[in-house]
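Pasting work_35.csv here (CSV, C-alpha atoms):
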chain,number,residue,atom,x,y,z
B,1,MET,CA,13.5,32.8,-2.1
B,2,LYS,CA,14.2,30.3,0.7
B,3,LEU,CA,11.2,29.1,2.7
B,4,VAL,CA,11.3,28.7,6.4
B,5,ALA,CA,9.4,25.9,8.2
B,6,LEU,CA,6.7,27.0,10.6
B,7,PRO,CA,6.8,25.4,14.1
B,8,ALA,CA,5.0,22.1,14.3
B,9,GLY,CA,4.6,19.3,16.8
B,10,SER,CA,2.6,16.4,18.1
B,11,GLY,CA,-0.5,16.6,20.2
B,12,ALA,CA,-0.7,16.4,24.0
B,13,ALA,CA,-2.7,13.1,23.8
B,14,LYS,CA,0.2,11.3,22.1
B,15,ILE,CA,1.9,8.7,24.4
B,16,GLU,CA,5.6,9.4,24.8
B,17,PRO,CA,8.4,7.2,26.1
B,18,PRO,CA,9.8,7.8,29.6
B,19,GLY,CA,12.2,10.8,29.7
B,20,PHE,CA,10.8,12.3,26.6
B,21,ASP,CA,10.3,16.0,27.4
B,22,ARG,CA,9.4,19.2,25.6
B,23,ALA,CA,13.0,19.8,24.6
B,24,ASP,CA,12.9,16.5,22.8
B,25,ARG,CA,9.7,17.4,21.0
B,26,THR,CA,11.2,20.7,20.0
B,27,ALA,CA,14.3,19.0,18.6
B,28,GLU,CA,12.3,16.5,16.6
B,29,SER,CA,10.0,19.3,15.3
B,30,GLU,CA,13.1,21.3,14.2
B,31,GLY,CA,14.6,18.3,12.6
B,32,LYS,CA,11.5,17.5,10.6
B,33,GLY,CA,11.3,21.2,9.6
B,34,ARG,CA,14.9,21.1,8.2
B,35,VAL,CA,14.2,18.0,6.2
B,36,ALA,CA,11.0,19.4,4.8
B,37,ALA,CA,12.6,22.8,4.0
B,38,SER,CA,15.5,21.0,2.1
B,39,LEU,CA,12.9,19.2,0.0
B,40,VAL,CA,11.2,22.5,-0.8
B,41,ASN,CA,14.3,24.6,-1.4
B,42,ASP,CA,16.6,22.0,-3.0
B,43,GLY,CA,14.2,19.5,-4.5
B,44,PRO,CA,13.4,15.8,-4.1
B,45,ALA,CA,16.2,13.6,-2.7
B,46,THR,CA,17.0,10.2,-1.3
B,47,ALA,CA,17.6,9.8,2.4
B,48,ALA,CA,21.3,9.6,1.8
B,49,ALA,CA,21.3,12.8,-0.2
B,50,LEU,CA,19.3,14.6,2.5
B,51,ALA,CA,21.8,13.4,5.2
B,52,LYS,CA,24.6,14.8,3.1
B,53,ARG,CA,22.8,18.1,2.5
B,54,LEU,CA,22.0,18.7,6.1
B,55,GLY,CA,25.1,17.2,7.7
B,56,ILE,CA,23.2,14.9,10.0
B,57,SER,CA,23.0,11.1,10.2
B,58,ALA,CA,21.1,9.0,7.8
B,59,THR,CA,19.3,7.4,10.8
B,60,ALA,CA,18.0,10.8,11.9
B,61,VAL,CA,16.9,11.7,8.4
B,62,ARG,CA,15.0,8.4,8.0
B,63,ARG,CA,13.3,9.0,11.4
B,64,HIS,CA,12.2,12.5,10.3
B,65,LEU,CA,11.1,11.2,6.9
B,66,ASP,CA,9.0,8.5,8.6
B,67,ALA,CA,7.2,11.2,10.6
B,68,LEU,CA,6.7,13.4,7.5
B,69,LEU,CA,5.4,10.4,5.5
B,70,ALA,CA,2.9,9.5,8.3
B,71,ASP,CA,1.4,13.0,8.4
B,72,GLY,CA,1.2,13.3,4.6
B,73,SER,CA,3.8,16.1,4.3
B,74,VAL,CA,6.2,13.9,2.2
B,75,GLU,CA,5.7,11.2,-0.4
B,76,ALA,CA,8.2,8.6,-1.6
B,77,ALA,CA,8.6,7.0,-5.1
B,78,ALA,CA,11.0,4.6,-6.7
B,79,LYS,CA,12.2,7.3,-9.1
B,80,PRO,CA,12.4,11.2,-9.0
B,81,PRO,CA,9.3,13.1,-10.0
B,82,TYR,CA,11.4,14.9,-12.6
B,83,GLY,CA,15.0,14.8,-14.0
B,84,PRO,CA,17.1,11.9,-15.0
B,85,VAL,CA,16.5,8.5,-13.4
B,86,PRO,CA,19.5,7.2,-11.5
B,87,THR,CA,21.3,4.1,-12.9
B,88,PRO,CA,20.1,1.2,-10.8
B,89,GLY,CA,22.7,-0.5,-8.7
B,90,ARG,CA,22.8,-3.6,-6.6
B,91,GLY,CA,20.2,-4.2,-4.0
B,92,ARG,CA,17.0,-2.5,-3.3
B,93,PRO,CA,16.7,0.9,-5.2
B,94,ALA,CA,16.7,4.0,-2.9
B,95,ARG,CA,13.4,5.8,-2.7
B,96,THR,CA,13.2,9.5,-3.6
B,97,PHE,CA,11.3,11.7,-1.3
B,98,ALA,CA,9.4,14.8,-2.4
B,99,ILE,CA,7.3,17.4,-0.5
B,100,THR,CA,3.5,17.2,-0.9
B,101,ASP,CA,1.0,20.1,-1.1
B,102,ARG,CA,0.2,19.4,2.6
B,103,GLY,CA,3.8,19.7,3.5
B,104,ARG,CA,4.3,22.9,1.4
B,105,SER,CA,1.4,24.5,3.1
B,106,GLN,CA,3.4,24.5,6.4
B,107,PHE,CA,5.8,27.1,5.1
B,108,VAL,CA,5.6,30.8,5.3
B,109,SER,CA,4.8,32.1,1.8
B,110,ASP,CA,3.3,35.0,-0.1
B,111,TYR,CA,-0.2,33.6,0.7
B,112,ASP,CA,0.1,35.5,4.0
B,113,ASN,CA,0.5,38.8,2.2
B,114,LEU,CA,-2.3,37.9,-0.1
B,115,ALA,CA,-4.7,37.2,2.8
B,116,THR,CA,-3.6,40.4,4.6
B,117,ASP,CA,-4.2,42.4,1.4
B,118,ALA,CA,-7.6,40.9,1.0
B,119,LEU,CA,-8.7,41.7,4.5
B,120,GLU,CA,-7.4,45.2,4.2
B,121,PHE,CA,-9.4,45.7,1.1
B,122,LEU,CA,-12.5,44.2,2.8
B,123,ALA,CA,-12.0,46.6,5.7
B,124,GLU,CA,-11.6,49.6,3.5
B,125,THR,CA,-14.4,48.9,1.0
B,126,VAL,CA,-17.0,47.3,3.2
B,127,GLY,CA,-15.9,48.2,6.8
B,128,PRO,CA,-14.6,46.7,10.0
B,129,LYS,CA,-17.8,44.7,10.6
B,130,ALA,CA,-17.1,42.7,7.4
B,131,VAL,CA,-13.7,41.7,8.8
B,132,ALA,CA,-15.3,40.6,12.1
B,133,ALA,CA,-18.0,38.7,10.1
B,134,PHE,CA,-15.3,36.9,8.2
B,135,ALA,CA,-13.4,36.0,11.4
B,136,GLU,CA,-16.6,34.6,12.9
B,137,ALA,CA,-17.4,32.5,9.8
B,138,ARG,CA,-13.8,31.1,9.9
B,139,ALA,CA,-14.1,30.4,13.6
B,140,ALA,CA,-17.4,28.6,13.0
B,141,GLN,CA,-15.8,26.3,10.5
B,142,LEU,CA,-13.0,25.5,13.0
B,143,GLU,CA,-15.6,24.9,15.7
B,144,GLN,CA,-17.5,22.4,13.5
B,145,ALA,CA,-14.3,20.6,12.5
B,146,LEU,CA,-13.5,20.2,16.2
B,147,ARG,CA,-17.0,19.0,17.0
B,148,ASP,CA,-16.7,16.4,14.3
B,149,ARG,CA,-13.6,15.1,15.9
B,150,LEU,CA,-14.8,15.3,19.5
B,151,GLY,CA,-17.9,13.1,19.0
B,152,ASN,CA,-21.5,13.0,20.2
B,153,ASN,CA,-20.7,12.4,23.9
B,154,TRP,CA,-18.5,15.5,24.1
B,155,ALA,CA,-20.9,17.6,26.2
B,156,THR,CA,-21.2,15.0,29.0
B,157,VAL,CA,-17.5,14.6,29.9
B,158,PRO,CA,-15.8,16.5,32.8
B,159,LEU,CA,-14.1,19.8,32.0
B,160,ASP,CA,-10.6,18.5,32.5
B,161,GLU,CA,-11.2,15.6,30.0
B,162,LYS,CA,-12.8,18.1,27.6
B,163,LEU,CA,-9.6,20.2,27.6
B,164,VAL,CA,-7.4,17.1,26.9
B,165,GLY,CA,-9.7,16.1,24.1
B,166,LEU,CA,-9.8,19.6,22.7
B,167,ALA,CA,-6.0,19.8,22.7
B,168,ALA,CA,-5.8,16.5,20.8
B,169,ALA,CA,-8.4,17.6,18.3
B,170,LEU,CA,-6.6,20.9,17.7
B,171,SER,CA,-3.4,19.0,17.2
B,172,ASP,CA,-5.1,16.8,14.6
B,173,LEU,CA,-5.9,20.0,12.7
B,174,GLY,CA,-2.3,21.2,12.8
B,175,PHE,CA,-2.3,23.5,15.8
B,176,SER,CA,0.2,21.4,17.9
B,177,ALA,CA,-1.8,22.0,21.2
B,178,SER,CA,-1.5,20.8,24.7
B,179,ALA,CA,-3.6,21.1,27.9
B,180,ASP,CA,-1.2,22.1,30.7
B,181,PRO,CA,-2.4,22.2,34.4
B,182,ALA,CA,-1.9,25.5,36.3
B,183,PRO,CA,-3.0,26.7,39.8
B,184,GLY,CA,-6.8,26.8,39.7
B,185,SER,CA,-7.0,26.5,35.9
B,186,THR,CA,-5.8,24.7,32.8
B,187,GLN,CA,-3.8,26.4,30.1
B,188,LEU,CA,-4.8,25.4,26.5
B,189,CYS,CA,-1.6,26.1,24.6
B,190,GLN,CA,-1.3,26.2,20.8
B,191,HIS,CA,2.3,25.9,19.7
B,192,HIS,CA,1.5,26.6,16.0
B,193,CYS,CA,-0.9,29.1,14.4
B,194,PRO,CA,-1.4,28.9,10.6
B,195,VAL,CA,-2.7,32.5,10.4
B,196,SER,CA,-0.3,34.2,12.9
B,197,HIS,CA,1.1,36.6,10.3
B,198,VAL,CA,-2.4,37.7,9.2
B,199,ALA,CA,-3.6,37.9,12.8
B,200,GLU,CA,-0.9,40.4,13.6
B,201,GLN,CA,-2.9,43.0,11.8
B,202,PHE,CA,-6.4,41.5,12.3
B,203,PRO,CA,-6.8,40.3,15.9
B,204,GLN,CA,-10.4,39.7,15.2
B,205,LEU,CA,-9.2,36.2,14.0
B,206,CYS,CA,-7.9,35.4,17.5
B,207,GLU,CA,-11.0,36.9,19.2
B,208,ALA,CA,-13.3,34.8,17.2
B,209,GLU,CA,-11.3,31.6,17.8
B,210,THR,CA,-11.4,32.3,21.5
B,211,GLY,CA,-15.2,32.5,21.3
B,212,ALA,CA,-15.3,29.2,19.5
B,213,PHE,CA,-13.3,27.6,22.4
B,214,ALA,CA,-15.7,29.0,25.0
B,215,ARG,CA,-18.7,27.6,23.1
B,216,LEU,CA,-17.1,24.2,22.7
B,217,LEU,CA,-16.3,24.0,26.4
B,218,GLY,CA,-19.5,25.7,27.6
B,219,HIS,CA,-17.2,27.5,30.0
B,220,HIS,CA,-15.6,30.9,30.4
B,221,VAL,CA,-12.1,31.2,28.9
B,222,GLN,CA,-9.6,34.0,28.6
B,223,ARG,CA,-6.9,34.4,26.0
B,224,LEU,CA,-3.7,35.6,27.7
B,225,ALA,CA,-1.1,35.3,24.9
B,226,THR,CA,-0.9,34.9,21.1
B,227,ILE,CA,1.8,34.0,18.6
B,228,ALA,CA,0.4,36.9,16.5
B,229,HIS,CA,1.2,39.3,19.3
B,230,GLY,CA,4.8,38.0,19.5
B,231,ASP,CA,4.4,35.5,22.3
B,232,GLY,CA,5.9,32.0,22.1
B,233,VAL,CA,2.5,30.2,22.2
B,234,CYS,CA,-1.1,31.0,22.0
B,235,THR,CA,-2.4,30.6,25.6
B,236,THR,CA,-6.0,30.3,26.6
B,237,VAL,CA,-6.7,30.0,30.3
B,238,VAL,CA,-9.7,28.0,31.5
B,239,PRO,CA,-10.4,28.6,35.2
B,240,LEU,CA,-11.6,25.4,36.7
B,241,SER,CA,-13.4,27.0,39.6
B,242,ALA,CA,-15.6,29.2,37.4
B,243,PRO,CA,-19.2,28.1,36.9
B,244,SER,CA,-19.9,26.3,33.7
B,245,ARG,CA,-22.2,28.0,31.3
B,246,THR,CA,-23.1,27.8,27.6
B,247,ILE,CA,-21.8,30.6,25.5
B,248,GLU,CA,-24.2,31.8,22.9
B,249,ARG,CA,-23.1,33.1,19.5
B,250,THR,CA,-23.8,36.7,18.8
B,251,SER,CA,-24.1,38.2,15.4
B,252,ALA,CA,-21.4,40.4,14.1

For this file, write the structure as structure tokens.
Amino acid sequence: MKLVALPAGSGAAKIEPPGFDRADRTAESEGKGRVAASLVNDGPATAAALAKRLGISATAVRRHLDALLADGSVEAAAKPPYGPVPTPGRGRPARTFAITDRGRSQFVSDYDNLATDALEFLAETVGPKAVAAFAEARAAQLEQALRDRLGNNWATVPLDEKLVGLAAALSDLGFSASADPAPGSTQLCQHHCPVSHVAEQFPQLCEAETGAFARLLGHHVQRLATIAHGDGVCTTVVPLSAPSRTIERTSA
């Protein structure tokens, strides 16, 4: 079974060179995905072998490998993790690149079906409230992970700065998020959702996540689109004119 890379990208807080637009980010993300997918489907390889496999330049492959190495999706070694060791030639030996557990987790797999089956079983044997409770517990874990990244002074910063910080923190956790200005509001966009296939059947996951964003921001938010629903990105609108208020957690 061939695995397909899920969309990935860098966070909104990353400084980009002049002229670097969203199309460039998409091309880079797709290039990284192709390199990672080749390592999963066809096994470890050198940069030269990857370039030959994919029909792209060795320079482009090395750039994508550097990015994958930086985020821990790929590891490099002086010899292959298995199989015969190439006969050393002149000069510096070529490194062999292999996918890591972190990199492998970015691909669609049967874990999605397993998670869906588990939630279906939970709903049938315990009831819908159990699914909602699970979604809230998962959202609480995400909320805490985000708070850990946002720091102690988070509550005192202006709302627009909060949104930029939240987008960067979400990107650190693999959601590839951005905070995009819109008339009278800001759109918090997530270009990747690790549970989108499960959330197609269990929107409680999206609802609980939206509640976590509201609590983090202390502000009313509205989810307008989700990848799970077939939209291109998960979009949460934060109206800047609405009065700020603390959102209290309610029990499921």

note = Expressed in Å, the length from CA of Ala208 in chain B to CA of Ser73 in chain B is 28.4 Å

message = Env of range 44-50 of chain B: 8 Å cut, atoms = only C-alpha atoms, seq-sep filter 2 positions within chain, self excluded. Answer as a ChimeraX atom specification.
response = /B:35,38-40,42,52-54,58,61-62,80-81,94-99

Leaving out range 142-144 of chain B and any residue of its chain fewer than 6 positions from it, which residues lie within 10 Å of it when counting all atoms listed in the file, given as a PDB file with C-alpha atoms, in the frame of the given file?
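Saved as result33.pdb:
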ATOM      1  CA  GLU B 136     -16.600  34.600  12.900  1.00  0.00           C
ATOM      2  CA  LEU B 150     -14.800  15.300  19.500  1.00  0.00           C
ATOM      3  CA  LEU B 170      -6.600  20.900  17.700  1.00  0.00           C
ATOM      4  CA  LEU B 173      -5.900  20.000  12.700  1.00  0.00           C
ATOM      5  CA  GLU B 209     -11.300  31.600  17.800  1.00  0.00           C
ATOM      6  CA  GLY B 211     -15.200  32.500  21.300  1.00  0.00           C
ATOM      7  CA  ALA B 212     -15.300  29.200  19.500  1.00  0.00           C
ATOM      8  CA  PHE B 213     -13.300  27.600  22.400  1.00  0.00           C
ATOM      9  CA  ARG B 215     -18.700  27.600  23.100  1.00  0.00           C
ATOM     10  CA  LEU B 216     -17.100  24.200  22.700  1.00  0.00           C
TER      11      LEU B 216
END

message = Using all atoms listed in the file for the distances, tell me which of B:Val233, B:Leu146, B:Leu122, B:Ala155 is nearest to Ala169 in chain B.
response =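 Of the candidates, the smallest distance to Ala169 in chain B is held by B:Leu146.
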
key: Nearest-residue call for Asn41 in chain B, choices B:Glu75, B:Arg104, B:Ile227, B:His64, using all atoms listed in the file   =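 Of all the options, B:Arg104 lies closest to Asn41 in chain B.
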
Atoms added to range 172-183 of chain B (N, CA and C atoms), reported as a PDB file, in the coordinates of the input:
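Wrote it out as selection_1.pdb, contents follow:
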ATOM      1  N   ASP B 172      -4.730  17.509  15.792  1.00  0.00           N
ATOM      2  CA  ASP B 172      -5.100  16.800  14.600  1.00  0.00           C
ATOM      3  C   ASP B 172      -5.255  17.795  13.400  1.00  0.00           C
ATOM      4  N   LEU B 173      -5.666  19.014  13.732  1.00  0.00           N
ATOM      5  CA  LEU B 173      -5.900  20.000  12.700  1.00  0.00           C
ATOM      6  C   LEU B 173      -4.633  20.891  12.458  1.00  0.00           C
ATOM      7  N   GLY B 174      -3.508  20.527  13.107  1.00  0.00           N
ATOM      8  CA  GLY B 174      -2.300  21.200  12.800  1.00  0.00           C
ATOM      9  C   GLY B 174      -1.864  22.308  13.775  1.00  0.00           C
ATOM     10  N   PHE B 175      -2.560  22.445  14.925  1.00  0.00           N
ATOM     11  CA  PHE B 175      -2.300  23.500  15.800  1.00  0.00           C
ATOM     12  C   PHE B 175      -1.226  23.143  16.906  1.00  0.00           C
ATOM     13  N   SER B 176      -0.838  21.893  16.976  1.00  0.00           N
ATOM     14  CA  SER B 176       0.200  21.400  17.900  1.00  0.00           C
ATOM     15  C   SER B 176      -0.187  21.921  19.348  1.00  0.00           C
ATOM     16  N   ALA B 177      -1.302  21.437  19.898  1.00  0.00           N
ATOM     17  CA  ALA B 177      -1.800  22.000  21.200  1.00  0.00           C
ATOM     18  C   ALA B 177      -1.591  21.031  22.324  1.00  0.00           C
ATOM     19  N   SER B 178      -1.645  21.609  23.519  1.00  0.00           N
ATOM     20  CA  SER B 178      -1.500  20.800  24.700  1.00  0.00           C
ATOM     21  C   SER B 178      -2.393  21.466  25.811  1.00  0.00           C
ATOM     22  N   ALA B 179      -2.815  20.660  26.788  1.00  0.00           N
ATOM     23  CA  ALA B 179      -3.600  21.100  27.900  1.00  0.00           C
ATOM     24  C   ALA B 179      -2.696  21.012  29.162  1.00  0.00           C
ATOM     25  N   ASP B 180      -2.208  22.142  29.668  1.00  0.00           N
ATOM     26  CA  ASP B 180      -1.200  22.100  30.700  1.00  0.00           C
ATOM     27  C   ASP B 180      -1.846  22.632  32.049  1.00  0.00           C
ATOM     28  N   PRO B 181      -1.811  21.820  33.131  1.00  0.00           N
ATOM     29  CA  PRO B 181      -2.400  22.200  34.400  1.00  0.00           C
ATOM     30  C   PRO B 181      -1.667  23.462  34.973  1.00  0.00           C
ATOM     31  N   ALA B 182      -2.445  24.345  35.589  1.00  0.00           N
ATOM     32  CA  ALA B 182      -1.900  25.500  36.300  1.00  0.00           C
ATOM     33  C   ALA B 182      -2.751  25.723  37.535  1.00  0.00           C
ATOM     34  N   PRO B 183      -2.264  26.511  38.510  1.00  0.00           N
ATOM     35  CA  PRO B 183      -3.000  26.700  39.800  1.00  0.00           C
ATOM     36  C   PRO B 183      -4.447  27.220  39.490  1.00  0.00           C
TER      37      PRO B 183
END
